[in-house]
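Asks: Contents of run33.csv (CSV, N, CA and C atoms) are given next:
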```
chain,number,residue,atom,x,y,z
A,12,MET,N,-38.1,22.5,-55.8
A,12,MET,CA,-37.4,22.2,-54.6
A,12,MET,C,-36.1,23.0,-54.7
A,13,ALA,N,-35.8,23.7,-53.6
A,13,ALA,CA,-34.6,24.5,-53.6
A,13,ALA,C,-33.4,23.7,-53.2
A,14,CYS,N,-32.3,23.8,-53.9
A,14,CYS,CA,-31.1,23.1,-53.6
A,14,CYS,C,-30.1,24.0,-52.9
A,15,PRO,N,-29.5,23.6,-51.8
A,15,PRO,CA,-28.6,24.5,-51.1
A,15,PRO,C,-27.3,24.6,-51.9
A,16,THR,N,-27.0,25.8,-52.5
A,16,THR,CA,-25.8,26.0,-53.3
A,16,THR,C,-24.9,26.9,-52.6
A,17,LYS,N,-25.3,27.5,-51.5
A,17,LYS,CA,-24.4,28.4,-50.7
A,17,LYS,C,-23.9,27.6,-49.5
A,18,VAL,N,-22.6,27.8,-49.1
A,18,VAL,CA,-22.0,27.2,-47.9
A,18,VAL,C,-21.8,28.2,-46.9
A,19,ASP,N,-22.3,28.0,-45.7
A,19,ASP,CA,-22.1,28.9,-44.6
A,19,ASP,C,-20.7,28.8,-44.1
A,20,PRO,N,-19.9,29.9,-44.1
A,20,PRO,CA,-18.5,29.9,-43.6
A,20,PRO,C,-18.4,29.2,-42.3
A,21,GLY,N,-19.4,29.2,-41.4
A,21,GLY,CA,-19.3,28.6,-40.1
A,21,GLY,C,-19.6,27.1,-40.2
A,22,GLN,N,-19.5,26.5,-41.3
A,22,GLN,CA,-19.8,25.1,-41.5
A,22,GLN,C,-18.7,24.1,-41.1
A,23,GLY,N,-17.7,24.6,-40.4
A,23,GLY,CA,-16.7,23.7,-39.9
A,23,GLY,C,-15.3,23.9,-40.6
A,24,TYR,N,-15.2,24.9,-41.5
A,24,TYR,CA,-13.9,25.1,-42.2
A,24,TYR,C,-13.2,26.1,-41.3
A,25,GLU,N,-12.0,25.7,-40.9
A,25,GLU,CA,-11.2,26.6,-40.1
A,25,GLU,C,-10.5,27.7,-40.9
A,26,GLU,N,-10.3,28.8,-40.3
A,26,GLU,CA,-9.7,29.9,-41.0
A,26,GLU,C,-8.3,29.5,-41.5
A,27,GLY,N,-8.0,29.7,-42.7
A,27,GLY,CA,-6.7,29.4,-43.3
A,27,GLY,C,-6.6,27.9,-43.8
A,28,SER,N,-7.7,27.2,-43.7
A,28,SER,CA,-7.7,25.8,-44.2
A,28,SER,C,-8.0,25.8,-45.7
A,29,LEU,N,-7.8,24.6,-46.3
A,29,LEU,CA,-8.1,24.4,-47.7
A,29,LEU,C,-9.6,24.6,-47.9
A,30,GLY,N,-10.4,24.1,-47.0
A,30,GLY,CA,-11.9,24.3,-47.2
A,30,GLY,C,-12.3,25.7,-47.2
A,31,ALA,N,-11.7,26.5,-46.3
A,31,ALA,CA,-12.0,28.0,-46.3
A,31,ALA,C,-11.5,28.6,-47.5
A,32,ALA,N,-10.4,28.2,-48.1
A,32,ALA,CA,-9.9,28.7,-49.4
A,32,ALA,C,-10.9,28.4,-50.5
A,33,TYR,N,-11.5,27.2,-50.5
A,33,TYR,CA,-12.5,26.8,-51.5
A,33,TYR,C,-13.7,27.7,-51.4
A,34,LEU,N,-14.1,28.2,-50.2
A,34,LEU,CA,-15.2,29.0,-50.1
A,34,LEU,C,-15.1,30.3,-50.9
A,35,GLY,N,-13.9,30.8,-51.1
A,35,GLY,CA,-13.7,32.0,-51.9
A,35,GLY,C,-13.6,31.8,-53.4
A,36,TRP,N,-13.6,30.6,-53.9
A,36,TRP,CA,-13.5,30.3,-55.3
A,36,TRP,C,-14.8,30.6,-56.0
A,37,LYS,N,-14.7,31.2,-57.1
A,37,LYS,CA,-15.9,31.5,-58.0
A,37,LYS,C,-16.3,30.3,-58.8
A,38,ASP,N,-17.5,29.9,-58.6
A,38,ASP,CA,-18.1,28.8,-59.4
A,38,ASP,C,-18.4,29.2,-60.8
A,39,GLN,N,-17.8,28.6,-61.8
A,39,GLN,CA,-18.0,29.0,-63.1
A,39,GLN,C,-19.0,28.1,-63.9
A,40,ARG,N,-19.6,27.2,-63.2
A,40,ARG,CA,-20.6,26.4,-63.8
A,40,ARG,C,-21.9,27.3,-64.0
A,41,ALA,N,-22.7,26.9,-65.0
A,41,ALA,CA,-23.9,27.6,-65.3
A,41,ALA,C,-24.8,27.4,-64.0
A,42,LYS,N,-25.5,28.5,-63.6
A,42,LYS,CA,-26.2,28.5,-62.4
A,42,LYS,C,-27.4,27.6,-62.4
A,43,ARG,N,-28.0,27.4,-63.6
A,43,ARG,CA,-29.1,26.5,-63.7
A,43,ARG,C,-28.7,25.0,-63.5
A,44,GLY,N,-29.4,24.4,-62.6
A,44,GLY,CA,-29.2,23.0,-62.3
A,44,GLY,C,-28.1,22.6,-61.3
A,45,ILE,N,-27.5,23.6,-60.7
A,45,ILE,CA,-26.4,23.3,-59.7
A,45,ILE,C,-27.1,22.6,-58.5
A,46,ARG,N,-26.7,21.4,-58.1
A,46,ARG,CA,-27.2,20.7,-56.9
A,46,ARG,C,-26.2,20.8,-55.8
A,47,TYR,N,-24.9,20.9,-56.1
A,47,TYR,CA,-23.8,20.7,-55.1
A,47,TYR,C,-23.0,22.0,-55.1
A,48,ALA,N,-22.9,22.6,-53.9
A,48,ALA,CA,-22.1,23.8,-53.8
A,48,ALA,C,-20.6,23.4,-54.1
A,49,LEU,N,-19.9,24.4,-54.6
A,49,LEU,CA,-18.5,24.2,-55.1
A,49,LEU,C,-17.6,23.8,-54.0
A,50,ALA,N,-17.6,24.5,-52.9
A,50,ALA,CA,-16.6,24.2,-51.8
A,50,ALA,C,-16.6,22.8,-51.3
A,51,PRO,N,-17.8,22.3,-50.8
A,51,PRO,CA,-17.8,20.9,-50.3
A,51,PRO,C,-17.5,19.9,-51.4
A,52,LEU,N,-17.9,20.2,-52.7
A,52,LEU,CA,-17.7,19.3,-53.8
A,52,LEU,C,-16.2,19.2,-54.0
A,53,LEU,N,-15.5,20.3,-54.0
A,53,LEU,CA,-14.0,20.3,-54.1
A,53,LEU,C,-13.3,19.6,-53.0
A,54,MET,N,-13.9,19.7,-51.8
A,54,MET,CA,-13.3,19.0,-50.6
A,54,MET,C,-13.4,17.5,-50.8
A,55,VAL,N,-14.5,17.0,-51.2
A,55,VAL,CA,-14.6,15.6,-51.3
A,55,VAL,C,-13.8,15.1,-52.5
A,56,MET,N,-13.7,15.9,-53.6
A,56,MET,CA,-12.8,15.6,-54.7
A,56,MET,C,-11.3,15.5,-54.2
A,57,THR,N,-11.0,16.5,-53.4
A,57,THR,CA,-9.6,16.5,-52.9
A,57,THR,C,-9.3,15.3,-52.0
A,58,LEU,N,-10.2,14.9,-51.2
A,58,LEU,CA,-10.0,13.8,-50.3
A,58,LEU,C,-9.9,12.5,-51.2
A,59,ALA,N,-10.7,12.4,-52.2
A,59,ALA,CA,-10.6,11.2,-53.1
A,59,ALA,C,-9.3,11.2,-53.9
A,60,LYS,N,-8.9,12.4,-54.3
A,60,LYS,CA,-7.6,12.5,-55.0
A,60,LYS,C,-6.5,12.1,-54.1
A,61,ARG,N,-6.5,12.6,-52.9
A,61,ARG,CA,-5.4,12.3,-51.9
A,61,ARG,C,-5.3,10.8,-51.6
A,62,CYS,N,-6.5,10.1,-51.8
A,62,CYS,CA,-6.5,8.7,-51.6
A,62,CYS,C,-6.3,7.9,-52.8
A,63,GLY,N,-5.8,8.5,-53.9
A,63,GLY,CA,-5.3,7.8,-55.1
A,63,GLY,C,-6.3,7.7,-56.2
A,64,GLU,N,-7.5,8.4,-56.1
A,64,GLU,CA,-8.5,8.3,-57.1
A,64,GLU,C,-8.3,9.4,-58.1
A,65,ASP,N,-7.9,9.1,-59.4
A,65,ASP,CA,-7.6,10.1,-60.3
A,65,ASP,C,-8.7,10.4,-61.3
A,66,GLU,N,-9.6,9.5,-61.6
A,66,GLU,CA,-10.6,9.6,-62.6
A,66,GLU,C,-12.0,9.9,-61.9
A,67,PRO,N,-12.8,10.7,-62.6
A,67,PRO,CA,-14.1,11.0,-62.0
A,67,PRO,C,-14.9,9.8,-61.6
A,68,LYS,N,-14.9,8.8,-62.3
A,68,LYS,CA,-15.7,7.6,-61.9
A,68,LYS,C,-15.1,7.0,-60.6
A,69,ALA,N,-13.8,7.0,-60.5
A,69,ALA,CA,-13.2,6.4,-59.3
A,69,ALA,C,-13.5,7.4,-58.1
A,70,MET,N,-13.4,8.7,-58.4
A,70,MET,CA,-13.8,9.6,-57.3
A,70,MET,C,-15.2,9.4,-56.8
A,71,ALA,N,-16.1,9.3,-57.8
A,71,ALA,CA,-17.5,9.1,-57.4
A,71,ALA,C,-17.7,7.8,-56.6
A,72,ALA,N,-17.1,6.8,-57.0
A,72,ALA,CA,-17.2,5.5,-56.3
A,72,ALA,C,-16.6,5.6,-54.8
A,73,TRP,N,-15.4,6.3,-54.7
A,73,TRP,CA,-14.8,6.5,-53.4
A,73,TRP,C,-15.7,7.3,-52.5
A,74,VAL,N,-16.2,8.4,-53.0
A,74,VAL,CA,-17.1,9.2,-52.2
A,74,VAL,C,-18.4,8.5,-51.8
A,75,SER,N,-19.0,7.7,-52.8
A,75,SER,CA,-20.2,7.0,-52.5
A,75,SER,C,-20.0,6.0,-51.4
A,76,LEU,N,-18.9,5.3,-51.4
A,76,LEU,CA,-18.6,4.3,-50.4
A,76,LEU,C,-18.5,4.9,-49.0
A,77,ARG,N,-18.1,6.2,-48.9
A,77,ARG,CA,-17.9,6.9,-47.6
A,77,ARG,C,-19.0,7.9,-47.4
A,78,SER,N,-20.1,7.8,-48.1
A,78,SER,CA,-21.1,8.9,-48.0
A,78,SER,C,-21.6,9.2,-46.6
A,79,ASP,N,-21.9,8.2,-45.8
A,79,ASP,CA,-22.4,8.4,-44.5
A,79,ASP,C,-21.4,9.2,-43.6
A,80,LEU,N,-20.1,8.7,-43.7
A,80,LEU,CA,-19.1,9.4,-42.9
A,80,LEU,C,-18.9,10.8,-43.4
A,81,LEU,N,-18.8,11.1,-44.7
A,81,LEU,CA,-18.6,12.4,-45.2
A,81,LEU,C,-19.8,13.3,-44.9
A,82,LYS,N,-21.0,12.8,-45.0
A,82,LYS,CA,-22.2,13.6,-44.6
A,82,LYS,C,-22.1,14.0,-43.1
A,83,ALA,N,-21.7,13.1,-42.3
A,83,ALA,CA,-21.6,13.4,-40.9
A,83,ALA,C,-20.5,14.4,-40.5
A,84,LEU,N,-19.4,14.2,-41.1
A,84,LEU,CA,-18.2,15.0,-40.8
A,84,LEU,C,-18.3,16.4,-41.3
A,85,ARG,N,-18.8,16.5,-42.6
A,85,ARG,CA,-18.8,17.8,-43.2
A,85,ARG,C,-20.2,18.4,-43.2
A,86,LYS,N,-21.2,17.8,-42.5
A,86,LYS,CA,-22.5,18.3,-42.4
A,86,LYS,C,-23.1,18.6,-43.8
A,87,LEU,N,-22.9,17.6,-44.7
A,87,LEU,CA,-23.4,17.8,-46.1
A,87,LEU,C,-24.9,17.6,-46.2
A,88,PRO,N,-25.6,18.5,-46.8
A,88,PRO,CA,-27.0,18.4,-46.9
A,88,PRO,C,-27.5,17.6,-48.1
A,89,TRP,N,-26.6,16.8,-48.7
A,89,TRP,CA,-26.9,16.1,-50.0
A,89,TRP,C,-27.6,14.8,-49.6
A,90,LYS,N,-28.7,14.6,-50.4
A,90,LYS,CA,-29.5,13.3,-50.3
A,90,LYS,C,-28.7,12.2,-50.9
A,91,ARG,N,-28.0,12.5,-51.9
A,91,ARG,CA,-27.2,11.4,-52.6
A,91,ARG,C,-25.9,12.1,-53.0
A,92,MET,N,-24.9,11.3,-53.1
A,92,MET,CA,-23.5,11.8,-53.5
A,92,MET,C,-23.5,12.1,-55.0
A,93,PRO,N,-22.6,13.0,-55.4
A,93,PRO,CA,-22.5,13.4,-56.8
A,93,PRO,C,-22.2,12.3,-57.7
A,94,HIS,N,-22.7,12.4,-59.0
A,94,HIS,CA,-22.3,11.4,-60.0
A,94,HIS,C,-21.0,11.8,-60.6
A,95,SER,N,-20.4,10.8,-61.3
A,95,SER,CA,-19.1,11.1,-61.9
A,95,SER,C,-19.1,12.2,-62.9
A,96,ARG,N,-20.2,12.4,-63.6
A,96,ARG,CA,-20.3,13.5,-64.5
A,96,ARG,C,-20.2,14.9,-63.8
A,97,THR,N,-20.7,15.0,-62.6
A,97,THR,CA,-20.6,16.2,-61.8
A,97,THR,C,-19.1,16.5,-61.6
A,98,TYR,N,-18.3,15.5,-61.2
A,98,TYR,CA,-16.9,15.7,-60.9
A,98,TYR,C,-16.2,16.1,-62.2
A,99,ARG,N,-16.5,15.5,-63.3
A,99,ARG,CA,-16.0,15.8,-64.6
A,99,ARG,C,-16.3,17.2,-65.0
A,100,ARG,N,-17.5,17.6,-64.8
A,100,ARG,CA,-18.0,19.0,-65.2
A,100,ARG,C,-17.2,20.0,-64.4
A,101,VAL,N,-17.0,19.8,-63.1
A,101,VAL,CA,-16.3,20.7,-62.2
A,101,VAL,C,-14.9,20.8,-62.7
A,102,MET,N,-14.3,19.7,-63.0
A,102,MET,CA,-12.9,19.7,-63.5
A,102,MET,C,-12.7,20.4,-64.8
A,103,GLN,N,-13.7,20.3,-65.7
A,103,GLN,CA,-13.7,20.9,-67.0
A,103,GLN,C,-14.1,22.4,-67.0
A,104,GLN,N,-15.2,22.7,-66.3
A,104,GLN,CA,-15.8,24.0,-66.4
A,104,GLN,C,-15.9,24.8,-65.1
A,105,GLY,N,-15.8,24.1,-64.0
A,105,GLY,CA,-16.2,24.7,-62.7
A,105,GLY,C,-15.2,25.7,-62.1
A,106,VAL,N,-14.0,25.6,-62.4
A,106,VAL,CA,-13.0,26.6,-61.9
A,106,VAL,C,-12.0,27.1,-62.9
A,107,ASP,N,-11.5,28.2,-62.7
A,107,ASP,CA,-10.5,28.8,-63.6
A,107,ASP,C,-9.1,28.2,-63.2
A,108,VAL,N,-8.6,27.3,-64.0
A,108,VAL,CA,-7.4,26.5,-63.6
A,108,VAL,C,-6.2,27.4,-63.4
A,109,PRO,N,-5.8,28.3,-64.3
A,109,PRO,CA,-4.6,29.1,-64.1
A,109,PRO,C,-4.6,29.9,-62.8
A,110,GLN,N,-5.8,30.5,-62.5
A,110,GLN,CA,-5.9,31.2,-61.3
A,110,GLN,C,-5.8,30.3,-60.0
A,111,ARG,N,-6.4,29.1,-60.1
A,111,ARG,CA,-6.4,28.2,-59.0
A,111,ARG,C,-5.0,27.6,-58.8
A,112,GLU,N,-4.2,27.4,-59.8
A,112,GLU,CA,-2.9,26.9,-59.7
A,112,GLU,C,-2.0,28.0,-58.9
A,113,GLN,N,-2.3,29.2,-59.3
A,113,GLN,CA,-1.5,30.3,-58.6
A,113,GLN,C,-1.9,30.3,-57.1
A,114,GLU,N,-3.2,30.2,-56.8
A,114,GLU,CA,-3.7,30.2,-55.4
A,114,GLU,C,-3.2,29.0,-54.7
A,115,ALA,N,-3.2,27.9,-55.3
A,115,ALA,CA,-2.7,26.7,-54.7
A,115,ALA,C,-1.2,26.8,-54.3
A,116,GLY,N,-0.4,27.5,-55.2
A,116,GLY,CA,1.0,27.7,-54.8
A,116,GLY,C,1.1,28.6,-53.6
A,117,THR,N,0.2,29.6,-53.6
A,117,THR,CA,0.2,30.6,-52.4
A,117,THR,C,-0.1,29.8,-51.2
A,118,TYR,N,-1.2,29.0,-51.3
A,118,TYR,CA,-1.6,28.2,-50.1
A,118,TYR,C,-0.5,27.3,-49.6
A,119,VAL,N,0.2,26.6,-50.5
A,119,VAL,CA,1.2,25.7,-50.1
A,119,VAL,C,2.4,26.4,-49.5
A,120,SER,N,2.7,27.6,-50.0
A,120,SER,CA,3.8,28.4,-49.5
A,120,SER,C,3.5,28.9,-48.0
A,121,THR,N,2.2,29.2,-47.8
A,121,THR,CA,1.8,29.6,-46.4
A,121,THR,C,1.9,28.4,-45.5
A,122,MET,N,1.6,27.2,-46.0
A,122,MET,CA,1.7,26.0,-45.2
A,122,MET,C,3.1,25.8,-44.8
A,123,SER,N,4.1,26.0,-45.7
A,123,SER,CA,5.5,25.7,-45.4
A,123,SER,C,6.0,26.8,-44.4
A,124,GLN,N,5.5,28.1,-44.5
A,124,GLN,CA,5.9,29.1,-43.6
A,124,GLN,C,5.3,28.8,-42.2
A,125,ALA,N,4.1,28.3,-42.1
A,125,ALA,CA,3.5,28.0,-40.8
A,125,ALA,C,4.3,26.8,-40.2
A,126,ALA,N,4.7,25.9,-41.0
A,126,ALA,CA,5.5,24.7,-40.5
A,126,ALA,C,6.8,25.2,-39.9
A,127,SER,N,7.5,26.1,-40.6
A,127,SER,CA,8.8,26.6,-40.2
A,127,SER,C,8.6,27.4,-38.9
A,128,GLU,N,7.5,28.2,-38.8
A,128,GLU,CA,7.2,29.0,-37.6
A,128,GLU,C,7.0,28.0,-36.4
A,129,GLN,N,6.3,26.9,-36.7
A,129,GLN,CA,6.0,26.0,-35.6
A,129,GLN,C,7.3,25.3,-35.1
A,130,ARG,N,8.2,25.0,-36.0
A,130,ARG,CA,9.4,24.4,-35.6
A,130,ARG,C,10.2,25.4,-34.7
A,131,SER,N,10.2,26.7,-35.1
A,131,SER,CA,11.0,27.6,-34.4
A,131,SER,C,10.4,27.9,-33.0
A,132,LEU,N,9.1,27.7,-32.9
A,132,LEU,CA,8.5,27.9,-31.6
A,132,LEU,C,9.0,26.9,-30.5
A,133,ASP,N,9.2,25.7,-30.9
A,133,ASP,CA,9.6,24.7,-29.9
A,133,ASP,C,11.1,24.5,-29.9
A,134,GLY,N,11.9,25.3,-30.7
A,134,GLY,CA,13.3,25.3,-30.6
A,134,GLY,C,14.0,24.3,-31.4
A,135,LYS,N,13.3,23.5,-32.2
A,135,LYS,CA,14.0,22.5,-33.0
A,135,LYS,C,14.1,23.0,-34.4
A,136,THR,N,15.1,22.4,-35.1
A,136,THR,CA,15.3,22.9,-36.5
A,136,THR,C,14.9,21.8,-37.5
```
Before anything else, please render the file you have as structure tokens.
Replies:
Amino acid sequence: MACPTKVDPGQGYEEGSLGAAYLGWKDQRAKRGIRYALAPLLMVMTLAKRCGEDEPKAMAAWVSLRSDLLKALRKLPWKRMPHSRTYRRVMQQGVDVPQREQEAGTYVSTMSQAASEQRSLDGKT
């Protein structure tokens, strides 16, 4: 059975969004046995983290409770939500942390630039 590991850029990620940034990240997990594409997996991890879930088990529980909503909104092809071990593996091996920290800083700085441009457009400081 073939598992979808590629994410179509037209899957709802807006240009310049965090999801679009995740599409460009190199997946460093072993190719054998990958069930979940990296970008949507990182998106659901980010959502769980933003809602206060710090541990992989808590992230998995948070995502599982919202599986129907997440599948509908993100058009996820997953039959079941990832296990906590998947989140742990991604955090340990899935991404190059120093490079991602640098990219995250760049992303945040572009967000603050966009916010300042937005304020100047309407004349408020």
Asks: In Å, how far is it from atom CA of A:Ser120 to atom CA of A:Tyr24?
Replies: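 Between these atoms lies a distance of 19.4 Å.
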Asks: Could you tell me how far atom C of A:Ser28 lies from atom CA of A:Arg43, in Å and to one decimal?
Replies: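 So the two atoms, atom C of A:Ser28 and atom CA of A:Arg43, lie 27.7 Å apart.
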Asks: To one decimal in Å, tell me the separation between atom CA of A:Gln104 and atom CA of A:Gln39.
Replies: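 These two atoms are separated by 6.4 Å.
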Asks: Quick one: of A:Pro93, A:Gly35, A:Gly116, A:Pro109, who's nearest to A:Tyr47, counting all atoms listed in the file?
Replies: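 Between A:Pro93, A:Gly35, A:Gly116, A:Pro109, the residue approaching A:Tyr47 most closely is A:Pro93.
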Asks: Using all atoms listed in the file, can you tell me which of A:Ser78, A:Met56, A:Ala50, A:Thr117 comes closest to A:Asp38?
Replies: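 Closest to A:Asp38 of all the choices is A:Ala50.
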Asks: Using all atoms listed in the file for the distances, tell me which of A:Leu76, A:Arg46, A:Met70, A:Asp107 is nearest to A:Trp89.
Replies: A:Arg46
Asks: Please, which residues are within 6 Å of (-13.6, 10.9, -59.9) by the file's coordinates, counting all atoms listed in the file, and could they come as a VMD selection string?
Replies: chain A and resid 64 to 71 95 98
